[in-house]
Amino acid sequence: MTQQGFTVSATAPDPKRLTVNDVQRIIHQMYGEKDAARGISGTFMWLMEEVGELATALREEPAGQAQPSEALASEFADVLAWLVTIANVAGVDLAHAFTEKYAKGCPGCGQFVCQCALSEKP
């Protein structure tokens, strides 16, 4: 079955081979109806809340740790999920958008290893 360009599946993909399209499909399958009802504005507010929680987790993470804590990793996952949610509600294919913008190199300098000055936003 296909919904909004996503193939709906009852099984999760192999986590070692998870693609951006898989992430969008998973989030759409789990939350698509709720997300559409909430809309972009409401979803954006949830994303900002999660970004704040990520900032707090980053601030609290001990320096020099070999591996990030589960709490920090979980906050990164939440931010990604809410970003994907907004893309789904807006009808944006993130894999395509990313490829169009970054697959040919840095949007600022065109290199695959960015040569832009640190003060520049590429």
# chains A, B, ... in the order shown; residues from 1 in each chain; ligands from 1
$ residues_around --residues "A:Gln24" --least-positions-apart "4" --cutoff "7 Å" --atoms "only C-alpha atoms" --output "tab-separated table (two decimals) with all heavy atoms, in the first residue's frame"
chain	number	residue	atom	x	y	z
A	20	VAL	N	17.33	7.44	4.58
A	20	VAL	CA	16.50	8.61	4.91
A	20	VAL	C	15.06	8.33	4.51
A	20	VAL	O	14.12	8.66	5.25
A	20	VAL	CB	17.04	9.88	4.21
A	20	VAL	CG1	16.11	11.06	4.41
A	20	VAL	CG2	18.44	10.20	4.72
A	28	HIS	N	6.05	8.45	9.06
A	28	HIS	CA	4.75	8.64	8.43
A	28	HIS	C	3.78	7.53	8.82
A	28	HIS	O	2.62	7.79	9.15
A	28	HIS	CB	4.89	8.72	6.91
A	28	HIS	CG	3.57	8.81	6.22
A	28	HIS	ND1	2.83	9.96	6.21
A	28	HIS	CD2	2.84	7.88	5.56
A	28	HIS	CE1	1.70	9.74	5.55
A	28	HIS	NE2	1.68	8.49	5.15
A	84	VAL	N	11.85	15.09	10.44
A	84	VAL	CA	11.23	14.23	9.43
A	84	VAL	C	9.72	14.44	9.42
A	84	VAL	O	9.09	14.48	8.35
A	84	VAL	CB	11.60	12.75	9.69
A	84	VAL	CG1	10.73	11.80	8.90
A	84	VAL	CG2	13.07	12.52	9.35
A	88	ASN	N	7.48	15.46	6.25
A	88	ASN	CA	6.34	14.65	5.80
A	88	ASN	C	5.09	15.51	5.65
A	88	ASN	O	4.39	15.44	4.63
A	88	ASN	CB	6.05	13.51	6.78
A	88	ASN	CG	7.05	12.38	6.67
A	88	ASN	OD1	7.87	12.33	5.76
A	88	ASN	ND2	6.99	11.47	7.63
$ select_by_dssp --residues "chain A" --states "alpha helix (DSSP H)" --output "ChimeraX atom specification"
/A:20-60,70-90,94-102
$ residues_around --residues "stretch 60-76 of chain A" --least-positions-apart "5" --cutoff "12 Å" --atoms "only C-alpha atoms" --output "MDAnalysis selection string"
chainID A and resid 47:55 81:83
$ decode --residues "stretch 67-95 of chain A" --atoms "N, CA and C atoms" --output "mmCIF file, in the first residue's frame"
data_model
loop_
_atom_site.group_PDB
_atom_site.id
_atom_site.type_symbol
_atom_site.label_atom_id
_atom_site.label_comp_id
_atom_site.auth_asym_id
_atom_site.auth_seq_id
_atom_site.Cartn_x
_atom_site.Cartn_y
_atom_site.Cartn_z
ATOM 1 N N GLN A 67 32.040 7.339 24.161
ATOM 2 C CA GLN A 67 30.756 7.078 23.512
ATOM 3 C C GLN A 67 29.721 8.048 24.073
ATOM 4 N N PRO A 68 28.824 8.549 23.232
ATOM 5 C CA PRO A 68 27.757 9.400 23.766
ATOM 6 C C PRO A 68 26.826 8.584 24.662
ATOM 7 N N SER A 69 26.229 9.246 25.636
ATOM 8 C CA SER A 69 25.296 8.562 26.524
ATOM 9 C C SER A 69 24.026 8.187 25.764
ATOM 10 N N GLU A 70 23.274 7.257 26.327
ATOM 11 C CA GLU A 70 21.982 6.879 25.736
ATOM 12 C C GLU A 70 21.035 8.067 25.722
ATOM 13 N N ALA A 71 21.095 8.887 26.766
ATOM 14 C CA ALA A 71 20.218 10.061 26.848
ATOM 15 C C ALA A 71 20.519 11.030 25.703
ATOM 16 N N LEU A 72 21.785 11.270 25.422
ATOM 17 C CA LEU A 72 22.160 12.174 24.328
ATOM 18 C C LEU A 72 21.734 11.592 22.983
ATOM 19 N N ALA A 73 22.014 10.331 22.768
ATOM 20 C CA ALA A 73 21.616 9.681 21.515
ATOM 21 C C ALA A 73 20.106 9.738 21.319
ATOM 22 N N SER A 74 19.360 9.551 22.397
ATOM 23 C CA SER A 74 17.900 9.608 22.331
ATOM 24 C C SER A 74 17.410 10.993 21.920
ATOM 25 N N GLU A 75 18.055 12.035 22.423
ATOM 26 C CA GLU A 75 17.662 13.403 22.045
ATOM 27 C C GLU A 75 17.953 13.672 20.573
ATOM 28 N N PHE A 76 19.076 13.169 20.059
ATOM 29 C CA PHE A 76 19.357 13.305 18.626
ATOM 30 C C PHE A 76 18.276 12.598 17.812
ATOM 31 N N ALA A 77 17.868 11.410 18.259
ATOM 32 C CA ALA A 77 16.818 10.666 17.554
ATOM 33 C C ALA A 77 15.505 11.445 17.563
ATOM 34 N N ASP A 78 15.177 12.074 18.689
ATOM 35 C CA ASP A 78 13.940 12.859 18.770
ATOM 36 C C ASP A 78 13.974 14.047 17.807
ATOM 37 N N VAL A 79 15.102 14.744 17.741
ATOM 38 C CA VAL A 79 15.213 15.895 16.832
ATOM 39 C C VAL A 79 15.055 15.426 15.385
ATOM 40 N N LEU A 80 15.703 14.321 15.036
ATOM 41 C CA LEU A 80 15.570 13.794 13.682
ATOM 42 C C LEU A 80 14.116 13.421 13.384
ATOM 43 N N ALA A 81 13.461 12.762 14.327
ATOM 44 C CA ALA A 81 12.072 12.342 14.114
ATOM 45 C C ALA A 81 11.156 13.540 13.879
ATOM 46 N N TRP A 82 11.323 14.610 14.652
ATOM 47 C CA TRP A 82 10.464 15.782 14.476
ATOM 48 C C TRP A 82 10.798 16.538 13.198
ATOM 49 N N LEU A 83 12.060 16.559 12.791
ATOM 50 C CA LEU A 83 12.420 17.172 11.506
ATOM 51 C C LEU A 83 11.771 16.398 10.358
ATOM 52 N N VAL A 84 11.849 15.086 10.441
ATOM 53 C CA VAL A 84 11.227 14.229 9.427
ATOM 54 C C VAL A 84 9.718 14.436 9.417
ATOM 55 N N THR A 85 9.122 14.594 10.591
ATOM 56 C CA THR A 85 7.687 14.828 10.681
ATOM 57 C C THR A 85 7.291 16.091 9.908
ATOM 58 N N ILE A 86 8.030 17.177 10.120
ATOM 59 C CA ILE A 86 7.717 18.421 9.401
ATOM 60 C C ILE A 86 7.865 18.209 7.900
ATOM 61 N N ALA A 87 8.914 17.522 7.489
ATOM 62 C CA ALA A 87 9.107 17.248 6.058
ATOM 63 C C ALA A 87 7.930 16.451 5.508
ATOM 64 N N ASN A 88 7.479 15.456 6.253
ATOM 65 C CA ASN A 88 6.337 14.654 5.805
ATOM 66 C C ASN A 88 5.089 15.515 5.646
ATOM 67 N N VAL A 89 4.797 16.342 6.647
ATOM 68 C CA VAL A 89 3.595 17.186 6.594
ATOM 69 C C VAL A 89 3.699 18.179 5.430
ATOM 70 N N ALA A 90 4.910 18.687 5.177
ATOM 71 C CA ALA A 90 5.117 19.650 4.087
ATOM 72 C C ALA A 90 5.249 18.981 2.721
ATOM 73 N N GLY A 91 5.326 17.642 2.692
ATOM 74 C CA GLY A 91 5.450 16.925 1.429
ATOM 75 C C GLY A 91 6.845 16.972 0.831
ATOM 76 N N VAL A 92 7.863 17.119 1.669
ATOM 77 C CA VAL A 92 9.252 17.196 1.201
ATOM 78 C C VAL A 92 9.913 15.827 1.306
ATOM 79 N N ASP A 93 10.490 15.365 0.217
ATOM 80 C CA ASP A 93 11.284 14.141 0.183
ATOM 81 C C ASP A 93 12.698 14.542 0.608
ATOM 82 N N LEU A 94 13.060 14.221 1.847
ATOM 83 C CA LEU A 94 14.349 14.661 2.387
ATOM 84 C C LEU A 94 15.549 14.091 1.642
ATOM 85 N N ALA A 95 15.485 12.839 1.220
ATOM 86 C CA ALA A 95 16.605 12.251 0.487
ATOM 87 C C ALA A 95 16.841 13.024 -0.804
#
